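To be precise, the following lines are run-v2.cif, and they hold mmCIF, C-alpha atoms.
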data_my_file
#
loop_
_atom_site.group_PDB
_atom_site.id
_atom_site.type_symbol
_atom_site.label_atom_id
_atom_site.label_comp_id
_atom_site.auth_asym_id
_atom_site.auth_seq_id
_atom_site.Cartn_x
_atom_site.Cartn_y
_atom_site.Cartn_z
ATOM 1 C CA MET A 1 -8.994 27.138 -5.326
ATOM 2 C CA ALA A 2 -8.557 23.444 -4.609
ATOM 3 C CA THR A 3 -5.192 21.857 -5.228
ATOM 4 C CA LYS A 4 -5.058 19.952 -8.515
ATOM 5 C CA ILE A 5 -3.756 16.460 -7.830
ATOM 6 C CA LYS A 6 -2.845 13.838 -10.415
ATOM 7 C CA ILE A 7 -1.148 10.507 -9.861
ATOM 8 C CA THR A 8 0.166 8.501 -12.792
ATOM 9 C CA TYR A 9 0.888 4.787 -12.678
ATOM 10 C CA PHE A 10 0.079 1.455 -14.276
ATOM 11 C CA PRO A 11 -3.344 -0.223 -13.837
ATOM 12 C CA VAL A 12 -2.173 -2.214 -10.810
ATOM 13 C CA CYS A 13 -1.985 -1.678 -7.044
ATOM 14 C CA GLY A 14 1.793 -1.932 -6.822
ATOM 15 C CA TYR A 15 3.735 0.878 -5.186
ATOM 16 C CA LEU A 16 0.924 3.387 -5.676
ATOM 17 C CA GLU A 17 -1.883 1.733 -3.714
ATOM 18 C CA PRO A 18 -1.007 3.128 -0.237
ATOM 19 C CA ILE A 19 -1.040 6.577 -1.860
ATOM 20 C CA ARG A 20 -4.497 5.967 -3.336
ATOM 21 C CA LEU A 21 -5.693 4.744 0.064
ATOM 22 C CA LEU A 22 -4.411 7.874 1.799
ATOM 23 C CA LEU A 23 -6.070 10.167 -0.722
ATOM 24 C CA GLU A 24 -9.331 8.246 -0.465
ATOM 25 C CA ASP A 25 -9.205 8.318 3.325
ATOM 26 C CA ALA A 26 -8.560 12.064 3.259
ATOM 27 C CA GLY A 27 -11.484 12.644 0.907
ATOM 28 C CA ALA A 28 -9.196 14.362 -1.585
ATOM 29 C CA GLU A 29 -10.205 14.967 -5.180
ATOM 30 C CA TYR A 30 -7.576 13.636 -7.539
ATOM 31 C CA GLU A 31 -7.022 12.227 -11.006
ATOM 32 C CA ASP A 32 -5.885 8.608 -10.975
ATOM 33 C CA TYR A 33 -4.314 8.170 -14.392
ATOM 34 C CA ARG A 34 -3.602 4.539 -15.265
ATOM 35 C CA PHE A 35 -1.732 3.656 -18.442
ATOM 36 C CA LYS A 36 -4.135 1.990 -20.846
ATOM 37 C CA GLY A 37 -1.595 -0.230 -22.552
ATOM 38 C CA PRO A 38 1.809 -0.328 -24.266
ATOM 39 C CA GLN A 39 0.892 2.327 -26.833
ATOM 40 C CA ASP A 40 -0.251 4.733 -24.134
ATOM 41 C CA TRP A 41 2.974 4.108 -22.205
ATOM 42 C CA GLU A 42 5.084 4.688 -25.326
ATOM 43 C CA SER A 43 3.233 7.903 -26.134
ATOM 44 C CA HIS A 44 4.040 9.246 -22.685
ATOM 45 C CA LYS A 45 7.707 8.364 -23.064
ATOM 46 C CA SER A 46 7.914 10.098 -26.443
ATOM 47 C CA ALA A 47 6.196 13.304 -25.285
ATOM 48 C CA PRO A 48 8.424 16.432 -25.315
ATOM 49 C CA ASP A 49 7.825 17.075 -21.592
ATOM 50 C CA TRP A 50 8.381 13.462 -20.470
ATOM 51 C CA GLY A 51 11.696 14.265 -18.783
ATOM 52 C CA GLU A 52 9.995 17.004 -16.792
ATOM 53 C CA LYS A 53 6.873 15.013 -15.968
ATOM 54 C CA CYS A 54 8.820 11.838 -15.096
ATOM 55 C CA PRO A 55 12.252 13.015 -13.878
ATOM 56 C CA PHE A 56 13.606 9.571 -12.889
ATOM 57 C CA GLY A 57 12.035 7.707 -15.804
ATOM 58 C CA LEU A 58 9.945 5.637 -13.400
ATOM 59 C CA TYR A 59 6.397 5.719 -12.058
ATOM 60 C CA PRO A 60 4.431 6.542 -9.943
ATOM 61 C CA VAL A 61 4.612 10.299 -10.241
ATOM 62 C CA LEU A 62 2.580 12.892 -8.363
ATOM 63 C CA GLU A 63 1.536 16.228 -9.858
ATOM 64 C CA TYR A 64 0.435 18.538 -7.049
ATOM 65 C CA ASP A 65 -0.450 21.753 -8.838
ATOM 66 C CA ASP A 66 2.931 22.673 -10.360
ATOM 67 C CA PHE A 67 4.921 20.467 -7.981
ATOM 68 C CA ILE A 68 6.066 17.219 -9.618
ATOM 69 C CA LEU A 69 7.306 14.460 -7.314
ATOM 70 C CA PRO A 70 8.549 10.974 -8.268
ATOM 71 C CA GLU A 71 9.141 7.939 -6.021
ATOM 72 C CA SER A 72 6.287 6.292 -4.122
ATOM 73 C CA GLY A 73 7.805 6.655 -0.654
ATOM 74 C CA ALA A 74 8.426 10.366 -1.134
ATOM 75 C CA ILE A 75 4.906 10.860 -2.503
ATOM 76 C CA LEU A 76 3.320 9.006 0.400
ATOM 77 C CA ARG A 77 5.289 10.962 3.006
ATOM 78 C CA PHE A 78 4.574 14.285 1.319
ATOM 79 C CA LEU A 79 0.832 13.630 1.186
ATOM 80 C CA ALA A 80 0.837 12.345 4.771
ATOM 81 C CA SER A 81 2.299 15.691 5.799
ATOM 82 C CA GLU A 82 -0.147 17.673 3.676
ATOM 83 C CA TYR A 83 -3.218 15.839 5.000
ATOM 84 C CA GLY A 84 -2.273 15.491 8.661
ATOM 85 C CA TYR A 85 -1.246 11.828 8.863
ATOM 86 C CA VAL A 86 2.178 12.427 10.425
ATOM 87 C CA PRO A 87 2.274 11.680 14.184
ATOM 88 C CA PRO A 88 3.034 14.721 16.365
ATOM 89 C CA SER A 89 5.755 12.890 18.296
ATOM 90 C CA PRO A 90 9.177 12.475 16.625
ATOM 91 C CA LYS A 91 9.596 9.131 18.416
ATOM 92 C CA THR A 92 6.278 7.831 17.119
ATOM 93 C CA THR A 93 7.192 9.055 13.631
ATOM 94 C CA ALA A 94 10.467 7.132 13.871
ATOM 95 C CA LEU A 95 8.596 3.996 14.948
ATOM 96 C CA VAL A 96 6.203 4.437 12.042
ATOM 97 C CA GLU A 97 9.163 4.643 9.665
ATOM 98 C CA ALA A 98 10.705 1.517 11.173
ATOM 99 C CA LEU A 99 7.459 -0.411 10.804
ATOM 100 C CA TYR A 100 6.924 0.877 7.280
ATOM 101 C CA GLY A 101 10.383 -0.386 6.334
ATOM 102 C CA LYS A 102 9.693 -3.785 7.884
ATOM 103 C CA LEU A 103 6.421 -4.116 5.969
ATOM 104 C CA MET A 104 8.164 -3.223 2.726
ATOM 105 C CA ASP A 105 10.831 -5.859 3.394
ATOM 106 C CA LEU A 106 8.145 -8.408 4.235
ATOM 107 C CA HIS A 107 6.292 -7.815 1.010
ATOM 108 C CA GLU A 108 9.440 -7.812 -1.111
ATOM 109 C CA SER A 109 10.382 -11.196 0.380
ATOM 110 C CA SER A 110 7.314 -12.726 -1.280
ATOM 111 C CA VAL A 111 8.259 -11.754 -4.830
ATOM 112 C CA GLU A 112 10.693 -14.595 -5.578
ATOM 113 C CA PRO A 113 8.431 -17.324 -4.089
ATOM 114 C CA VAL A 114 5.617 -16.090 -6.329
ATOM 115 C CA LYS A 115 7.856 -16.271 -9.378
ATOM 116 C CA SER A 116 9.026 -19.759 -8.360
ATOM 117 C CA GLY A 117 5.535 -21.215 -8.581
ATOM 118 C CA PRO A 118 2.571 -22.314 -6.440
ATOM 119 C CA GLU A 119 4.449 -24.662 -4.103
ATOM 120 C CA GLU A 120 7.129 -22.135 -3.188
ATOM 121 C CA PHE A 121 4.491 -19.471 -2.686
ATOM 122 C CA ARG A 122 2.462 -21.806 -0.466
ATOM 123 C CA LYS A 123 5.581 -22.579 1.549
ATOM 124 C CA TRP A 124 6.259 -18.853 2.003
ATOM 125 C CA PHE A 125 2.703 -18.296 3.226
ATOM 126 C CA GLU A 126 2.808 -21.206 5.655
ATOM 127 C CA GLU A 127 6.363 -20.883 6.966
ATOM 128 C CA THR A 128 7.839 -17.430 6.396
ATOM 129 C CA LEU A 129 4.845 -15.112 6.686
ATOM 130 C CA PRO A 130 3.659 -16.276 10.167
ATOM 131 C CA VAL A 131 7.128 -15.739 11.651
ATOM 132 C CA GLN A 132 7.332 -12.244 10.195
ATOM 133 C CA MET A 133 3.806 -11.457 11.370
ATOM 134 C CA ASP A 134 4.838 -12.507 14.889
ATOM 135 C CA ARG A 135 7.629 -9.936 14.737
ATOM 136 C CA VAL A 136 5.386 -7.200 13.398
ATOM 137 C CA GLU A 137 2.694 -7.876 15.981
ATOM 138 C CA GLY A 138 5.268 -8.034 18.780
ATOM 139 C CA PHE A 139 6.608 -4.634 17.737
ATOM 140 C CA VAL A 140 3.098 -3.198 17.595
ATOM 141 C CA LYS A 141 2.154 -4.554 21.024
ATOM 142 C CA LYS A 142 5.347 -3.247 22.606
ATOM 143 C CA TRP A 143 4.699 0.326 21.503
ATOM 144 C CA ASN A 144 0.898 0.255 21.650
ATOM 145 C CA GLU A 145 0.132 -1.843 24.706
ATOM 146 C CA ASP A 146 -3.535 -0.833 24.972
ATOM 147 C CA GLY A 147 -4.296 -1.467 21.315
ATOM 148 C CA GLU A 148 -5.766 1.992 20.842
ATOM 149 C CA GLY A 149 -6.128 3.566 17.421
ATOM 150 C CA PHE A 150 -4.015 2.116 14.673
ATOM 151 C CA LEU A 151 -0.848 0.034 14.560
ATOM 152 C CA LEU A 152 1.259 2.324 16.743
ATOM 153 C CA GLY A 153 -1.554 3.940 18.703
ATOM 154 C CA THR A 154 -2.037 6.923 16.421
ATOM 155 C CA GLU A 155 -5.488 8.497 16.188
ATOM 156 C CA LYS A 156 -5.307 8.554 12.399
ATOM 157 C CA PRO A 157 -3.661 5.980 10.137
ATOM 158 C CA SER A 158 0.035 6.484 9.478
ATOM 159 C CA ILE A 159 1.972 5.613 6.338
ATOM 160 C CA ALA A 160 2.669 2.236 7.972
ATOM 161 C CA ASP A 161 -1.072 1.600 8.320
ATOM 162 C CA PHE A 162 -1.718 2.370 4.658
ATOM 163 C CA ARG A 163 1.146 0.090 3.588
ATOM 164 C CA PHE A 164 -0.022 -2.637 6.003
ATOM 165 C CA PHE A 165 -3.602 -2.478 4.772
ATOM 166 C CA ASP A 166 -2.610 -2.705 1.133
ATOM 167 C CA ILE A 167 -0.409 -5.775 1.420
ATOM 168 C CA PHE A 168 -2.652 -7.599 3.890
ATOM 169 C CA PHE A 169 -5.714 -6.917 1.773
ATOM 170 C CA PHE A 170 -3.923 -8.988 -0.846
ATOM 171 C CA TYR A 171 -2.710 -11.606 1.671
ATOM 172 C CA ARG A 172 -6.153 -12.015 3.222
ATOM 173 C CA ASN A 173 -7.795 -12.450 -0.176
ATOM 174 C CA THR A 174 -5.115 -14.988 -1.027
ATOM 175 C CA TYR A 175 -5.148 -16.922 2.244
ATOM 176 C CA SER A 176 -8.290 -16.487 4.349
ATOM 177 C CA LYS A 177 -6.617 -17.694 7.570
ATOM 178 C CA VAL A 178 -3.825 -15.135 7.466
ATOM 179 C CA PHE A 179 -4.988 -13.393 10.666
ATOM 180 C CA ASP A 180 -5.994 -16.517 12.624
ATOM 181 C CA ASN A 181 -3.111 -16.208 15.119
ATOM 182 C CA HIS A 182 -2.683 -12.436 14.978
ATOM 183 C CA THR A 183 -5.743 -10.794 16.463
ATOM 184 C CA ARG A 184 -4.123 -7.386 16.995
ATOM 185 C CA LEU A 185 -3.230 -7.111 13.329
ATOM 186 C CA ARG A 186 -6.707 -8.293 12.369
ATOM 187 C CA THR A 187 -8.261 -5.596 14.566
ATOM 188 C CA VAL A 188 -6.268 -2.825 12.896
ATOM 189 C CA PHE A 189 -7.038 -4.250 9.458
ATOM 190 C CA GLU A 190 -10.762 -4.183 10.261
ATOM 191 C CA ARG A 191 -10.528 -0.611 11.544
ATOM 192 C CA MET A 192 -8.941 0.393 8.265
ATOM 193 C CA MET A 193 -11.688 -1.413 6.332
ATOM 194 C CA GLU A 194 -14.323 0.653 8.144
ATOM 195 C CA ARG A 195 -12.775 4.032 7.396
ATOM 196 C CA PRO A 196 -15.514 5.741 5.318
ATOM 197 C CA GLY A 197 -13.260 6.852 2.473
ATOM 198 C CA ILE A 198 -11.539 3.480 2.189
ATOM 199 C CA LYS A 199 -14.801 1.566 2.473
ATOM 200 C CA GLU A 200 -16.358 3.624 -0.319
ATOM 201 C CA TYR A 201 -13.267 3.141 -2.485
ATOM 202 C CA LEU A 202 -13.317 -0.632 -2.062
ATOM 203 C CA ASP A 203 -17.073 -0.874 -2.564
ATOM 204 C CA SER A 204 -16.806 1.180 -5.763
ATOM 205 C CA GLY A 205 -14.584 -1.424 -7.426
ATOM 206 C CA ARG A 206 -11.951 1.193 -8.288
ATOM 207 C CA ARG A 207 -9.152 -0.711 -6.564
ATOM 208 C CA PRO A 208 -7.118 -2.371 -9.347
ATOM 209 C CA LYS A 209 -7.725 -6.080 -9.743
ATOM 210 C CA ILE A 210 -4.011 -6.762 -10.239
ATOM 211 C CA GLN A 211 -1.747 -6.426 -7.231
ATOM 212 C CA GLY A 212 1.382 -5.802 -9.289
ATOM 213 C CA GLY A 213 4.180 -8.299 -9.775
ATOM 214 C CA TYR A 214 1.896 -11.222 -8.953
ATOM 215 C CA GLY A 215 -0.665 -11.437 -11.715
ATOM 216 C CA SER A 216 -4.347 -11.200 -10.905
ATOM 217 C CA VAL A 217 -5.575 -11.761 -7.389
ATOM 218 C CA GLY A 218 -7.976 -14.333 -8.787
ATOM 219 C CA LYS A 219 -5.141 -16.476 -10.110
ATOM 220 C CA ILE A 220 -3.359 -16.316 -6.774
ATOM 221 C CA ASP A 221 -6.557 -17.349 -5.010
ATOM 222 C CA LYS A 222 -6.568 -20.515 -7.091
ATOM 223 C CA ILE A 223 -2.945 -21.231 -6.226
ATOM 224 C CA LEU A 224 -3.732 -21.255 -2.509
#

Render the structure in this file as structure tokens.
Amino acid sequence: MATKIKITYFPVCGYLEPIRLLLEDAGAEYEDYRFKGPQDWESHKSAPDWGEKCPFGLYPVLEYDDFILPESGAILRFLASEYGYVPPSPKTTALVEALYGKLMDLHESSVEPVKSGPEEFRKWFEETLPVQMDRVEGFVKKWNEDGEGFLLGTEKPSIADFRFFDIFFFYRNTYSKVFDNHTRLRTVFERMMERPGIKEYLDSGRRPKIQGGYGSVGKIDKIL
């Protein structure tokens, strides 16, 4: 019997999107439950089993048969292990973790500029992001000199690749020139785009239109 998988989150990309991308890439069948509004959210919080279904009081939450797991990073790592996305080498796994952390820090650094308004966000895109992309690409080139596979030379995407693809899908749609001086990162992004499961997911229109924390992607497009 197939494993019953359910992920619960808000109708945004947010912290859940790399998890959706992994499941889509793996061809897994799963229920993607997205809260339909404030009343739906309140009804979940008032349910008798809410403490069991949401142990930390925060989403996303994974239900994997009877196994309930909160926290996006833990969910992503668990599913990567279940579906064979963990590199066989402990050193490569450590590098993946380091890069994943850097990408999370990079994305978090954009939150305040977005809240500060269009000019601050434009400044972040033009001044801060290129410097950080230089560092990411330098790290990638050091540990994957030949440019094989994905960011760190793995045959399959790692958790860092899923995180990278999610945030740069947003950045690229926001600022079309984001990869102009970073061809290695562009190459990996394009390889991710062509993964059959991811391509079908994007073509289907099931990716949420709201990134999470930023407002709609359309509004951000107009800012830049």

Minimum-distance residue to Leu69 (chain A), chosen among A:Ser110, A:Thr8, A:Asn173, A:Thr187 (using only C-alpha atoms): A:Thr8

Neighbour residues at most 12 Å from (-4.8, -6.3, 1.1) (all atoms listed in the file) as number ranges by chain: A: 13-14, 17-18, 21, 107, 161-176, 178-179, 186, 189-190, 192-193, 198, 202, 207-211, 217

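Residues lying within 6 Å of Val140 (chain A), counting only C-alpha atoms and ignoring same-chain neighbours fewer than 4 positions away, are Asn144, Leu151 and Leu152 of chain A.
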
Restricted to C-alpha atoms, what would the selected residues look like written as a CSV table (one decimal), in the frame of the given file?
chain,number,residue,atom,x,y,z
A,144,ASN,CA,0.9,0.3,21.6
A,151,LEU,CA,-0.8,0.0,14.6
A,152,LEU,CA,1.3,2.3,16.7

How big is the axis-aligned box around the listed atoms of region 191-202 of chain A once 3 Å is added on each side, and where is its centre? Give both in Å to one decimal, as lines of an AutoDock Vina configuration file.
center_x = -12.6
center_y = 2.7
center_z = 4.5
size_x = 13.4
size_y = 14.3
size_z = 20.0

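The spacing separating CA of Lys4 (chain A) from CA of Arg191 (chain A) amounts to 29.2 Å.
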
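What separates CA of Leu106 (chain A) from CA of Gln132 (chain A) is a distance of 7.1 Å.
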
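When CA of Gly57 (chain A) is paired with CA of Val114 (chain A), their separation reads 26.4 Å.
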
Residues matched by the PyMOL selection byres ((chain A and resi 111) around 12) as a ChimeraX atom specification: /A:14,104-110,112-117,120-121,124-125,211-215

What would the selection look like, as a tab-separated table (two decimals) with C-alpha atoms, keeping the file's coordinate frame, if the PyMOL selection byres ((chain A and resi 26) around 10) were run on the coordinates I just shared?
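New file part.tsv:
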chain	number	residue	atom	x	y	z
A	20	ARG	CA	-4.50	5.97	-3.34
A	21	LEU	CA	-5.69	4.74	0.06
A	22	LEU	CA	-4.41	7.87	1.80
A	23	LEU	CA	-6.07	10.17	-0.72
A	24	GLU	CA	-9.33	8.25	-0.46
A	25	ASP	CA	-9.20	8.32	3.32
A	27	GLY	CA	-11.48	12.64	0.91
A	28	ALA	CA	-9.20	14.36	-1.58
A	29	GLU	CA	-10.20	14.97	-5.18
A	79	LEU	CA	0.83	13.63	1.19
A	80	ALA	CA	0.84	12.34	4.77
A	83	TYR	CA	-3.22	15.84	5.00
A	84	GLY	CA	-2.27	15.49	8.66
A	85	TYR	CA	-1.25	11.83	8.86
A	195	ARG	CA	-12.78	4.03	7.40
A	196	PRO	CA	-15.51	5.74	5.32
A	197	GLY	CA	-13.26	6.85	2.47
A	198	ILE	CA	-11.54	3.48	2.19

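Proximity to Ile159 (chain A) was assessed for A:Gly101, A:Pro88, A:Pro38, A:Pro55 counting only C-alpha atoms; the smallest distance is recorded for A:Gly101.
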
Leu95 (chain A) surroundings by all atoms listed in the file, 10 Å radius, close-in-sequence under 4 positions cut, as a list in words: Pro87, Ser89, Pro90, Lys91, Leu99, Tyr100, Gly101, Phe139, Val140, Trp143, Leu152 and Ala160 of chain A

Protein, DNA and RNA residues within 12 Å of (-1.3, 13.2, -10.7), only C-alpha atoms, as number ranges by chain: A: 3-9, 16, 19-20, 23, 29-34, 53-54, 59-70, 75

Using only C-alpha atoms: which of A:Val136, A:Val86, A:Leu76, A:Met1 has the shortest distance to Ala98 (chain A): A:Val136

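Ranking A:Asn181, A:Ser72, A:Ser204, A:Ser158 by their shortest atom-to-atom distance to Ala94 (chain A), with only C-alpha atoms included, puts A:Ser158 first.
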
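Residues lying within 9 Å of Lys36 (chain A), counting all atoms listed in the file and ignoring same-chain neighbours fewer than 3 positions away, are Phe10, Pro11, Tyr33, Gln39, Asp40 and Trp41 of chain A.
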
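In this comparison, which uses all atoms listed in the file, the residue of A:Glu97, A:Lys102, A:Leu185, A:Thr154 approaching Glu137 (chain A) most closely is A:Leu185.
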
Write out N, CA and C atoms for region 37-70 of chain A, as a PDB file, in the coordinates of the input.
ATOM      1  N   GLY A  37      -2.231   0.836 -21.798  1.00  0.00           N
ATOM      2  CA  GLY A  37      -1.595  -0.230 -22.552  1.00  0.00           C
ATOM      3  C   GLY A  37      -0.239   0.222 -23.054  1.00  0.00           C
ATOM      4  N   PRO A  38       0.463  -0.649 -23.772  1.00  0.00           N
ATOM      5  CA  PRO A  38       1.809  -0.328 -24.266  1.00  0.00           C
ATOM      6  C   PRO A  38       1.865   0.928 -25.122  1.00  0.00           C
ATOM      7  N   GLN A  39       0.865   1.145 -25.969  1.00  0.00           N
ATOM      8  CA  GLN A  39       0.892   2.327 -26.833  1.00  0.00           C
ATOM      9  C   GLN A  39       0.770   3.604 -26.010  1.00  0.00           C
ATOM     10  N   ASP A  40      -0.090   3.570 -25.008  1.00  0.00           N
ATOM     11  CA  ASP A  40      -0.251   4.733 -24.134  1.00  0.00           C
ATOM     12  C   ASP A  40       1.058   5.023 -23.408  1.00  0.00           C
ATOM     13  N   TRP A  41       1.693   3.975 -22.902  1.00  0.00           N
ATOM     14  CA  TRP A  41       2.974   4.108 -22.205  1.00  0.00           C
ATOM     15  C   TRP A  41       4.028   4.698 -23.141  1.00  0.00           C
ATOM     16  N   GLU A  42       4.102   4.194 -24.355  1.00  0.00           N
ATOM     17  CA  GLU A  42       5.084   4.688 -25.326  1.00  0.00           C
ATOM     18  C   GLU A  42       4.819   6.145 -25.699  1.00  0.00           C
ATOM     19  N   SER A  43       3.555   6.519 -25.781  1.00  0.00           N
ATOM     20  CA  SER A  43       3.233   7.903 -26.134  1.00  0.00           C
ATOM     21  C   SER A  43       3.659   8.862 -25.033  1.00  0.00           C
ATOM     22  N   HIS A  44       3.568   8.417 -23.790  1.00  0.00           N
ATOM     23  CA  HIS A  44       4.040   9.246 -22.685  1.00  0.00           C
ATOM     24  C   HIS A  44       5.560   9.407 -22.745  1.00  0.00           C
ATOM     25  N   LYS A  45       6.240   8.308 -23.032  1.00  0.00           N
ATOM     26  CA  LYS A  45       7.707   8.364 -23.064  1.00  0.00           C
ATOM     27  C   LYS A  45       8.227   9.230 -24.217  1.00  0.00           C
ATOM     28  N   SER A  46       7.465   9.331 -25.288  1.00  0.00           N
ATOM     29  CA  SER A  46       7.914  10.098 -26.443  1.00  0.00           C
ATOM     30  C   SER A  46       7.458  11.552 -26.392  1.00  0.00           C
ATOM     31  N   ALA A  47       6.681  11.924 -25.393  1.00  0.00           N
ATOM     32  CA  ALA A  47       6.196  13.304 -25.285  1.00  0.00           C
ATOM     33  C   ALA A  47       7.363  14.254 -24.998  1.00  0.00           C
ATOM     34  N   PRO A  48       7.325  15.479 -25.515  1.00  0.00           N
ATOM     35  CA  PRO A  48       8.424  16.432 -25.315  1.00  0.00           C
ATOM     36  C   PRO A  48       8.700  16.755 -23.849  1.00  0.00           C
ATOM     37  N   ASP A  49       7.646  16.720 -23.015  1.00  0.00           N
ATOM     38  CA  ASP A  49       7.825  17.075 -21.592  1.00  0.00           C
ATOM     39  C   ASP A  49       7.994  15.854 -20.698  1.00  0.00           C
ATOM     40  N   TRP A  50       8.302  14.677 -21.294  1.00  0.00           N
ATOM     41  CA  TRP A  50       8.381  13.462 -20.470  1.00  0.00           C
ATOM     42  C   TRP A  50       9.471  13.571 -19.404  1.00  0.00           C
ATOM     43  N   GLY A  51      10.620  14.126 -19.760  1.00  0.00           N
ATOM     44  CA  GLY A  51      11.696  14.265 -18.783  1.00  0.00           C
ATOM     45  C   GLY A  51      11.307  15.134 -17.614  1.00  0.00           C
ATOM     46  N   GLU A  52      10.464  16.128 -17.871  1.00  0.00           N
ATOM     47  CA  GLU A  52       9.995  17.004 -16.792  1.00  0.00           C
ATOM     48  C   GLU A  52       8.910  16.332 -15.975  1.00  0.00           C
ATOM     49  N   LYS A  53       7.996  15.648 -16.658  1.00  0.00           N
ATOM     50  CA  LYS A  53       6.873  15.013 -15.968  1.00  0.00           C
ATOM     51  C   LYS A  53       7.276  13.725 -15.258  1.00  0.00           C
ATOM     52  N   CYS A  54       8.362  13.095 -15.706  1.00  0.00           N
ATOM     53  CA  CYS A  54       8.820  11.838 -15.096  1.00  0.00           C
ATOM     54  C   CYS A  54      10.339  11.916 -14.934  1.00  0.00           C
ATOM     55  N   PRO A  55      10.821  12.687 -13.960  1.00  0.00           N
ATOM     56  CA  PRO A  55      12.252  13.015 -13.878  1.00  0.00           C
ATOM     57  C   PRO A  55      13.184  11.830 -13.703  1.00  0.00           C
ATOM     58  N   PHE A  56      12.738  10.740 -13.080  1.00  0.00           N
ATOM     59  CA  PHE A  56      13.606   9.571 -12.889  1.00  0.00           C
ATOM     60  C   PHE A  56      13.325   8.475 -13.911  1.00  0.00           C
ATOM     61  N   GLY A  57      12.371   8.714 -14.802  1.00  0.00           N
ATOM     62  CA  GLY A  57      12.035   7.707 -15.804  1.00  0.00           C
ATOM     63  C   GLY A  57      11.243   6.539 -15.253  1.00  0.00           C
ATOM     64  N   LEU A  58      10.694   6.705 -14.056  1.00  0.00           N
ATOM     65  CA  LEU A  58       9.945   5.637 -13.400  1.00  0.00           C
ATOM     66  C   LEU A  58       8.650   6.196 -12.809  1.00  0.00           C
ATOM     67  N   TYR A  59       7.671   5.342 -12.668  1.00  0.00           N
ATOM     68  CA  TYR A  59       6.397   5.719 -12.058  1.00  0.00           C
ATOM     69  C   TYR A  59       6.197   4.911 -10.783  1.00  0.00           C
ATOM     70  N   PRO A  60       5.392   5.447  -9.836  1.00  0.00           N
ATOM     71  CA  PRO A  60       4.431   6.542  -9.943  1.00  0.00           C
ATOM     72  C   PRO A  60       5.065   7.926  -9.862  1.00  0.00           C
ATOM     73  N   VAL A  61       4.259   8.885 -10.328  1.00  0.00           N
ATOM     74  CA  VAL A  61       4.612  10.299 -10.241  1.00  0.00           C
ATOM     75  C   VAL A  61       3.389  11.060  -9.749  1.00  0.00           C
ATOM     76  N   LEU A  62       3.631  12.013  -8.865  1.00  0.00           N
ATOM     77  CA  LEU A  62       2.580  12.892  -8.363  1.00  0.00           C
ATOM     78  C   LEU A  62       2.730  14.275  -8.992  1.00  0.00           C
ATOM     79  N   GLU A  63       1.597  14.820  -9.471  1.00  0.00           N
ATOM     80  CA  GLU A  63       1.536  16.228  -9.858  1.00  0.00           C
ATOM     81  C   GLU A  63       0.611  16.917  -8.859  1.00  0.00           C
ATOM     82  N   TYR A  64       1.158  17.834  -8.114  1.00  0.00           N
ATOM     83  CA  TYR A  64       0.435  18.538  -7.049  1.00  0.00           C
ATOM     84  C   TYR A  64       0.491  20.015  -7.403  1.00  0.00           C
ATOM     85  N   ASP A  65      -0.533  20.472  -8.144  1.00  0.00           N
ATOM     86  CA  ASP A  65      -0.450  21.753  -8.838  1.00  0.00           C
ATOM     87  C   ASP A  65       0.794  21.728  -9.731  1.00  0.00           C
ATOM     88  N   ASP A  66       1.731  22.630  -9.524  1.00  0.00           N
ATOM     89  CA  ASP A  66       2.931  22.673 -10.360  1.00  0.00           C
ATOM     90  C   ASP A  66       4.089  21.866  -9.785  1.00  0.00           C
ATOM     91  N   PHE A  67       3.871  21.232  -8.656  1.00  0.00           N
ATOM     92  CA  PHE A  67       4.921  20.467  -7.981  1.00  0.00           C
ATOM     93  C   PHE A  67       4.895  19.034  -8.490  1.00  0.00           C
ATOM     94  N   ILE A  68       5.988  18.576  -9.075  1.00  0.00           N
ATOM     95  CA  ILE A  68       6.066  17.219  -9.618  1.00  0.00           C
ATOM     96  C   ILE A  68       7.015  16.399  -8.754  1.00  0.00           C
ATOM     97  N   LEU A  69       6.526  15.272  -8.249  1.00  0.00           N
ATOM     98  CA  LEU A  69       7.306  14.460  -7.314  1.00  0.00           C
ATOM     99  C   LEU A  69       7.298  12.994  -7.741  1.00  0.00           C
ATOM    100  N   PRO A  70       8.465  12.409  -7.989  1.00  0.00           N
ATOM    101  CA  PRO A  70       8.549  10.974  -8.268  1.00  0.00           C
ATOM    102  C   PRO A  70       8.802  10.189  -6.980  1.00  0.00           C
TER     103      PRO A  70
END
